[in-house]
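Peer 1: Handing over upload-v6.csv, CSV, N, CA and C atoms.
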```
chain,number,residue,atom,x,y,z
A,1,MET,N,0.8,-1.2,0.0
A,1,MET,CA,0.0,0.0,0.0
A,1,MET,C,0.9,1.2,0.0
A,2,ALA,N,0.5,2.2,-0.8
A,2,ALA,CA,1.3,3.4,-0.9
A,2,ALA,C,1.1,4.3,0.3
A,3,PHE,N,2.2,5.0,0.7
A,3,PHE,CA,2.1,6.0,1.8
A,3,PHE,C,1.2,7.1,1.5
A,4,ILE,N,0.5,7.6,2.5
A,4,ILE,CA,-0.4,8.8,2.2
A,4,ILE,C,0.3,10.0,2.7
A,5,PHE,N,0.7,10.9,1.7
A,5,PHE,CA,1.3,12.1,2.1
A,5,PHE,C,0.2,13.2,2.4
A,6,THR,N,0.5,14.0,3.4
A,6,THR,CA,-0.4,15.1,3.8
A,6,THR,C,0.5,16.3,4.0
A,7,ASP,N,-0.2,17.5,4.1
A,7,ASP,CA,0.6,18.7,4.4
A,7,ASP,C,1.3,18.6,5.7
A,8,GLU,N,0.8,17.8,6.6
A,8,GLU,CA,1.5,17.6,7.9
A,8,GLU,C,2.7,16.8,7.9
A,9,ASN,N,2.7,15.7,7.1
A,9,ASN,CA,3.8,14.8,7.1
A,9,ASN,C,4.8,14.8,5.9
A,10,ALA,N,4.4,15.5,4.9
A,10,ALA,CA,5.2,15.5,3.6
A,10,ALA,C,6.7,16.0,3.8
A,11,GLU,N,6.8,17.2,4.4
A,11,GLU,CA,8.2,17.7,4.6
A,11,GLU,C,9.1,16.8,5.4
A,12,GLU,N,8.5,16.2,6.5
A,12,GLU,CA,9.3,15.3,7.3
A,12,GLU,C,9.8,14.1,6.6
A,13,ILE,N,8.9,13.5,5.7
A,13,ILE,CA,9.3,12.4,4.9
A,13,ILE,C,10.3,12.7,3.9
A,14,ILE,N,10.1,13.8,3.2
A,14,ILE,CA,11.0,14.3,2.1
A,14,ILE,C,12.3,14.6,2.7
A,15,ASN,N,12.4,15.2,3.9
A,15,ASN,CA,13.6,15.6,4.6
A,15,ASN,C,14.3,14.4,5.3
A,16,SER,N,13.7,13.2,5.3
A,16,SER,CA,14.2,12.1,6.0
A,16,SER,C,15.5,11.6,5.4
A,17,GLY,N,15.8,12.0,4.2
A,17,GLY,CA,17.0,11.5,3.5
A,17,GLY,C,16.8,10.3,2.6
A,18,LYS,N,15.6,9.7,2.8
A,18,LYS,CA,15.3,8.6,1.9
A,18,LYS,C,14.8,9.0,0.6
A,19,PRO,N,15.0,8.2,-0.5
A,19,PRO,CA,14.4,8.5,-1.8
A,19,PRO,C,12.9,8.5,-1.7
A,20,VAL,N,12.3,9.4,-2.3
A,20,VAL,CA,10.8,9.6,-2.2
A,20,VAL,C,10.2,9.8,-3.6
A,21,MET,N,9.1,9.2,-3.8
A,21,MET,CA,8.3,9.4,-5.0
A,21,MET,C,6.9,9.8,-4.5
A,22,VAL,N,6.4,11.0,-5.0
A,22,VAL,CA,5.1,11.5,-4.6
A,22,VAL,C,4.2,11.5,-5.9
A,23,ASP,N,3.0,10.8,-5.8
A,23,ASP,CA,2.1,10.9,-6.9
A,23,ASP,C,1.0,11.9,-6.5
A,24,PHE,N,0.9,13.0,-7.2
A,24,PHE,CA,-0.2,14.0,-7.0
A,24,PHE,C,-1.4,13.6,-7.8
A,25,TRP,N,-2.5,13.4,-7.1
A,25,TRP,CA,-3.7,12.8,-7.7
A,25,TRP,C,-5.0,13.4,-7.2
A,26,ALA,N,-6.1,13.0,-7.8
A,26,ALA,CA,-7.5,13.4,-7.3
A,26,ALA,C,-8.4,12.4,-7.7
A,27,THR,N,-9.5,12.3,-7.0
A,27,THR,CA,-10.5,11.2,-7.3
A,27,THR,C,-11.2,11.4,-8.6
A,28,TRP,N,-11.3,12.7,-9.1
A,28,TRP,CA,-12.0,13.0,-10.3
A,28,TRP,C,-11.1,12.7,-11.5
A,29,CYS,N,-9.9,12.4,-11.3
A,29,CYS,CA,-8.9,12.2,-12.4
A,29,CYS,C,-8.8,10.8,-12.8
A,30,GLY,N,-9.4,10.5,-14.0
A,30,GLY,CA,-9.4,9.1,-14.5
A,30,GLY,C,-8.0,8.4,-14.6
A,31,PRO,N,-7.0,9.1,-15.2
A,31,PRO,CA,-5.7,8.5,-15.3
A,31,PRO,C,-5.1,8.3,-13.9
A,32,CYS,N,-5.4,9.1,-13.0
A,32,CYS,CA,-4.9,9.0,-11.6
A,32,CYS,C,-5.5,7.7,-11.0
A,33,MET,N,-6.7,7.5,-11.2
A,33,MET,CA,-7.4,6.3,-10.6
A,33,MET,C,-6.9,5.0,-11.3
A,34,SER,N,-6.6,5.1,-12.6
A,34,SER,CA,-6.1,3.9,-13.3
A,34,SER,C,-4.7,3.5,-12.8
A,35,MET,N,-3.9,4.6,-12.4
A,35,MET,CA,-2.6,4.3,-12.0
A,35,MET,C,-2.5,3.9,-10.5
A,36,ALA,N,-3.5,4.1,-9.8
A,36,ALA,CA,-3.5,3.8,-8.3
A,36,ALA,C,-3.0,2.4,-8.0
A,37,PRO,N,-3.5,1.3,-8.7
A,37,PRO,CA,-3.0,0.0,-8.3
A,37,PRO,C,-1.5,-0.2,-8.6
A,38,VAL,N,-1.0,0.5,-9.7
A,38,VAL,CA,0.4,0.4,-10.0
A,38,VAL,C,1.3,1.1,-9.0
A,39,ILE,N,0.8,2.2,-8.5
A,39,ILE,CA,1.5,2.9,-7.4
A,39,ILE,C,1.6,2.1,-6.2
A,40,ASP,N,0.5,1.4,-5.8
A,40,ASP,CA,0.5,0.5,-4.7
A,40,ASP,C,1.5,-0.7,-4.9
A,41,GLU,N,1.5,-1.3,-6.1
A,41,GLU,CA,2.4,-2.4,-6.4
A,41,GLU,C,3.9,-1.9,-6.2
A,42,LEU,N,4.2,-0.7,-6.8
A,42,LEU,CA,5.6,-0.2,-6.7
A,42,LEU,C,6.0,0.1,-5.2
A,43,ALA,N,5.0,0.5,-4.4
A,43,ALA,CA,5.3,0.8,-3.0
A,43,ALA,C,5.7,-0.5,-2.3
A,44,GLN,N,5.1,-1.6,-2.7
A,44,GLN,CA,5.4,-2.9,-2.1
A,44,GLN,C,6.8,-3.3,-2.6
A,45,GLU,N,7.0,-3.2,-3.9
A,45,GLU,CA,8.2,-3.7,-4.5
A,45,GLU,C,9.5,-3.0,-4.0
A,46,TYR,N,9.3,-1.7,-3.7
A,46,TYR,CA,10.4,-0.8,-3.3
A,46,TYR,C,10.4,-0.5,-1.8
A,47,GLU,N,9.6,-1.3,-1.1
A,47,GLU,CA,9.5,-1.0,0.4
A,47,GLU,C,10.9,-1.2,1.0
A,48,GLY,N,11.3,-0.2,1.8
A,48,GLY,CA,12.6,-0.2,2.5
A,48,GLY,C,13.6,0.5,1.7
A,49,LYS,N,13.4,0.7,0.4
A,49,LYS,CA,14.3,1.4,-0.5
A,49,LYS,C,13.9,2.8,-0.9
A,50,VAL,N,12.6,3.0,-1.2
A,50,VAL,CA,12.0,4.2,-1.6
A,50,VAL,C,10.6,4.4,-0.9
A,51,VAL,N,10.4,5.6,-0.4
A,51,VAL,CA,9.0,5.9,0.1
A,51,VAL,C,8.2,6.3,-1.1
A,52,ILE,N,7.2,5.5,-1.4
A,52,ILE,CA,6.3,5.8,-2.6
A,52,ILE,C,4.9,6.0,-2.0
A,53,GLY,N,4.4,7.2,-2.4
A,53,GLY,CA,3.1,7.5,-1.8
A,53,GLY,C,2.3,8.5,-2.7
A,54,LYS,N,1.1,8.8,-2.2
A,54,LYS,CA,0.1,9.6,-2.9
A,54,LYS,C,-0.2,10.8,-2.1
A,55,TYR,N,-0.5,11.9,-2.8
A,55,TYR,CA,-0.8,13.2,-2.3
A,55,TYR,C,-2.1,13.6,-2.9
A,56,ASN,N,-3.2,13.6,-2.2
A,56,ASN,CA,-4.5,13.9,-2.7
A,56,ASN,C,-4.7,15.5,-2.8
A,57,VAL,N,-4.7,16.0,-4.0
A,57,VAL,CA,-4.8,17.5,-4.1
A,57,VAL,C,-6.2,18.1,-3.7
A,58,GLU,N,-7.2,17.2,-3.6
A,58,GLU,CA,-8.5,17.7,-3.2
A,58,GLU,C,-8.5,17.9,-1.7
A,59,GLU,N,-7.7,17.2,-0.9
A,59,GLU,CA,-7.7,17.2,0.5
A,59,GLU,C,-6.6,18.1,1.1
A,60,GLU,N,-5.5,18.2,0.3
A,60,GLU,CA,-4.3,18.9,0.7
A,60,GLU,C,-3.9,19.9,-0.4
A,61,SER,N,-3.2,21.0,0.0
A,61,SER,CA,-2.8,21.9,-1.0
A,61,SER,C,-1.4,22.5,-0.9
A,62,ASP,N,-0.8,22.5,0.3
A,62,ASP,CA,0.5,23.1,0.5
A,62,ASP,C,1.6,22.6,-0.5
A,63,LEU,N,1.7,21.3,-0.5
A,63,LEU,CA,2.8,20.7,-1.3
A,63,LEU,C,2.5,20.9,-2.8
A,64,SER,N,1.3,20.8,-3.2
A,64,SER,CA,1.0,21.0,-4.7
A,64,SER,C,1.2,22.4,-5.1
A,65,SER,N,0.9,23.4,-4.2
A,65,SER,CA,1.2,24.8,-4.4
A,65,SER,C,2.7,25.0,-4.5
A,66,GLN,N,3.4,24.5,-3.5
A,66,GLN,CA,4.9,24.7,-3.5
A,66,GLN,C,5.6,24.2,-4.7
A,67,TYR,N,5.1,23.1,-5.3
A,67,TYR,CA,5.8,22.6,-6.5
A,67,TYR,C,5.0,22.8,-7.8
A,68,ARG,N,4.1,23.7,-7.7
A,68,ARG,CA,3.3,24.2,-8.8
A,68,ARG,C,2.7,23.1,-9.7
A,69,ILE,N,2.0,22.2,-9.0
A,69,ILE,CA,1.3,21.1,-9.7
A,69,ILE,C,0.1,21.7,-10.4
A,70,THR,N,0.1,21.6,-11.8
A,70,THR,CA,-1.0,22.2,-12.5
A,70,THR,C,-1.7,21.1,-13.3
A,71,SER,N,-1.2,19.9,-13.4
A,71,SER,CA,-1.9,18.8,-14.2
A,71,SER,C,-1.8,17.5,-13.3
A,72,LEU,N,-2.8,16.7,-13.5
A,72,LEU,CA,-2.8,15.4,-12.8
A,72,LEU,C,-2.9,14.3,-13.8
A,73,PRO,N,-2.3,13.2,-13.4
A,73,PRO,CA,-1.3,13.0,-12.3
A,73,PRO,C,0.0,13.6,-12.7
A,74,THR,N,0.7,14.0,-11.6
A,74,THR,CA,2.1,14.5,-11.7
A,74,THR,C,2.8,13.7,-10.6
A,75,ILE,N,4.0,13.2,-11.0
A,75,ILE,CA,4.8,12.5,-10.0
A,75,ILE,C,6.2,13.2,-9.9
A,76,LEU,N,6.5,13.5,-8.6
A,76,LEU,CA,7.8,14.2,-8.3
A,76,LEU,C,8.6,13.2,-7.5
A,77,PHE,N,9.9,13.4,-7.6
A,77,PHE,CA,10.9,12.5,-7.0
A,77,PHE,C,11.8,13.4,-6.1
A,78,PHE,N,12.2,12.9,-5.0
A,78,PHE,CA,13.1,13.6,-4.0
A,78,PHE,C,14.2,12.7,-3.5
A,79,LYS,N,15.4,13.2,-3.3
A,79,LYS,CA,16.5,12.5,-2.8
A,79,LYS,C,17.3,13.4,-1.9
A,80,ASP,N,17.6,12.9,-0.7
A,80,ASP,CA,18.4,13.7,0.3
A,80,ASP,C,17.7,15.0,0.6
A,81,GLY,N,16.4,15.0,0.7
A,81,GLY,CA,15.6,16.2,1.0
A,81,GLY,C,15.5,17.2,0.0
A,82,LYS,N,15.9,16.9,-1.3
A,82,LYS,CA,15.8,17.9,-2.4
A,82,LYS,C,15.0,17.3,-3.5
A,83,LYS,N,14.3,18.1,-4.2
A,83,LYS,CA,13.6,17.7,-5.4
A,83,LYS,C,14.6,17.3,-6.5
A,84,ALA,N,14.4,16.1,-7.0
A,84,ALA,CA,15.3,15.6,-8.1
A,84,ALA,C,14.8,16.2,-9.4
A,85,ASP,N,15.7,16.1,-10.4
A,85,ASP,CA,15.4,16.6,-11.8
A,85,ASP,C,14.6,15.5,-12.5
A,86,LEU,N,13.7,14.9,-11.9
A,86,LEU,CA,12.8,13.9,-12.5
A,86,LEU,C,11.3,14.4,-12.2
A,87,ARG,N,10.5,14.4,-13.2
A,87,ARG,CA,9.1,14.8,-13.1
A,87,ARG,C,8.4,14.1,-14.2
A,88,LEU,N,7.3,13.4,-13.8
A,88,LEU,CA,6.5,12.8,-14.8
A,88,LEU,C,5.1,13.4,-14.7
A,89,ALA,N,4.5,13.6,-15.9
A,89,ALA,CA,3.1,14.1,-15.9
A,89,ALA,C,2.3,13.3,-16.8
A,90,GLY,N,1.0,13.1,-16.5
A,90,GLY,CA,0.1,12.3,-17.3
A,90,GLY,C,0.3,10.8,-16.9
A,91,SER,N,-0.6,10.0,-17.5
A,91,SER,CA,-0.6,8.6,-17.2
A,91,SER,C,0.7,7.9,-17.6
A,92,GLN,N,1.2,7.1,-16.7
A,92,GLN,CA,2.5,6.4,-16.9
A,92,GLN,C,2.3,4.9,-16.8
A,93,SER,N,3.2,4.2,-17.5
A,93,SER,CA,3.2,2.7,-17.4
A,93,SER,C,4.0,2.3,-16.2
A,94,LYS,N,3.8,1.1,-15.7
A,94,LYS,CA,4.6,0.6,-14.6
A,94,LYS,C,6.1,0.7,-15.0
A,95,ALA,N,6.4,0.3,-16.2
A,95,ALA,CA,7.8,0.3,-16.7
A,95,ALA,C,8.4,1.7,-16.7
A,96,SER,N,7.7,2.7,-17.1
A,96,SER,CA,8.3,4.0,-17.1
A,96,SER,C,8.5,4.5,-15.6
A,97,LEU,N,7.6,4.2,-14.7
A,97,LEU,CA,7.7,4.5,-13.3
A,97,LEU,C,8.9,3.8,-12.7
A,98,LYS,N,9.1,2.5,-13.0
A,98,LYS,CA,10.2,1.8,-12.5
A,98,LYS,C,11.5,2.4,-13.0
A,99,GLU,N,11.5,2.8,-14.3
A,99,GLU,CA,12.7,3.4,-14.9
A,99,GLU,C,13.1,4.7,-14.1
A,100,ALA,N,12.1,5.5,-13.8
A,100,ALA,CA,12.4,6.7,-13.1
A,100,ALA,C,12.8,6.5,-11.6
A,101,ILE,N,12.2,5.4,-11.0
A,101,ILE,CA,12.7,5.1,-9.6
A,101,ILE,C,14.1,4.6,-9.7
A,102,GLU,N,14.5,3.8,-10.6
A,102,GLU,CA,15.9,3.3,-10.7
A,102,GLU,C,16.8,4.5,-11.0
A,103,LYS,N,16.4,5.5,-11.8
A,103,LYS,CA,17.3,6.7,-12.0
A,103,LYS,C,17.5,7.4,-10.6
A,104,LEU,N,16.4,7.5,-9.9
A,104,LEU,CA,16.4,8.2,-8.6
A,104,LEU,C,17.4,7.5,-7.6
A,105,LEU,N,17.3,6.1,-7.6
A,105,LEU,CA,18.2,5.4,-6.7
A,105,LEU,C,19.7,5.5,-7.2
A,106,ALA,N,19.9,5.7,-8.5
A,106,ALA,CA,21.3,5.8,-9.0
A,106,ALA,C,21.9,7.2,-8.8
A,107,MET,N,21.1,8.2,-8.4
A,107,MET,CA,21.6,9.5,-8.2
A,107,MET,C,22.5,9.6,-7.0
```
Show how you would write the structure in this file as structure tokens.
Peer 2:
Amino acid sequence: MAFIFTDENAEEIINSGKPVMVDFWATWCGPCMSMAPVIDELAQEYEGKVVIGKYNVEEESDLSSQYRITSLPTILFFKDGKKADLRLAGSQSKASLKEAIEKLLAM
């Protein structure tokens, strides 16, 4: 199961030093909903290596405002407390997400 990011816990997790992947989503977003099971699968596969989670932009707003999220789904990556130069927008395949996660781990 993917981690649930909120405005209260996001900065703490991002600044933990662990690699982090955040999926910005909403319930009204069809591509977001179709990607949800893939995000959950990846969270299990990379458990202990990468914190993989979801940030619901309908319920939270600080993080999405800070990183100027204007389209959904958008996936951001963080390493050592800093935003990585990886950003995915729109529906993604499991293979493309795994490729981005592997790049994050190699940084």
Peer 1: What is the distance between CA of Val38 (chain A) and CA of Glu11 (chain A), in Å to one decimal?
Peer 2: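 CA of Val38 (chain A) sits 23.9 Å away from CA of Glu11 (chain A).
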Peer 1: Ranking A:Ala84, A:Val51, A:Ala36, A:Val57 by minimum distance to Ile13 (chain A) and counting all atoms listed in the file, which one comes first?
Peer 2: A:Val51
Peer 1: So which one's closest to Leu97 (chain A), A:Met33, A:Met1, A:Leu42, A:Leu63? Using only N, CA and C atoms, please.
Peer 2: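 Checking each candidate against Leu97 (chain A), we get A:Leu42 as the closest.
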Peer 1: Using only N, CA and C atoms, determine which residues lie at most 6 Å from region 81-83 of chain A, disregarding the query and same-chain residues fewer than 2 positions distant; provide the list as a ChimeraX atom specification.
Peer 2: /A:14-18,77-79,85-86
Peer 1: Would you mind telling me which residue in A:Tyr67, A:Trp28, A:Tyr46, A:Tyr55 lies nearest to Ile4 (chain A) when using all atoms listed in the file?
Peer 2: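 Comparing A:Tyr67, A:Trp28, A:Tyr46, A:Tyr55 against Ile4 (chain A), the winner is A:Tyr55.
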Peer 1: Mind checking which residues fall within 12 Å of Phe3 (chain A), counting only C-alpha atoms, ignoring those fewer than 4 positions away in the same chain, and posting them as a list in words?
Peer 2: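 Listed by chain and then number, they are Asn9, Ala10, Ile13, Val20, Met21, Val22, Asp23, Ala36, Ile39, Asp40, Glu41, Leu42, Ala43, Gln44, Tyr46, Glu47, Val50, Val51, Ile52, Gly53, Lys54, Tyr55 and Asn56 of chain A.
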Peer 1: Extract, using only C-alpha atoms, all DNA, RNA and protein residues at most 6 Å from Pro73 (chain A), discarding same-chain residues fewer than 3 positions from it, and format them as a PyMOL selection string.
Peer 2: chain A and resi 24-25+32+89-90
Peer 1: Using backbone DSSP assignments, extract all strand (DSSP E or B) residues from chain A; output them as a list in words.
Peer 2: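 Here are the strand (DSSP E or B) residues of chain A: Phe3, Ile4, Phe5, Val20, Met21, Val22, Asp23, Phe24, Trp25, Val51, Ile52, Gly53, Lys54, Tyr55, Asn56, Thr74, Ile75, Leu76, Phe77, Phe78, Lys79, Lys82, Lys83, Ala84, Asp85, Leu86, Arg87, Leu88 and Ala89 of chain A.
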Peer 1: Write out as number ranges by chain all residues of chain A that backbone DSSP assigns to helix (DSSP H, G or I).
Peer 2: A: 10-14, 30-45, 62-66, 94-106
Peer 1: Atom N of Leu88 (chain A) to CA of Leu76 (chain A): how many Å, to one decimal?
Peer 2: 5.6 Å
Peer 1: What is the distance between CA of Ile101 (chain A) and CA of Ala26 (chain A), in Å to one decimal?
Peer 2: 22.0 Å
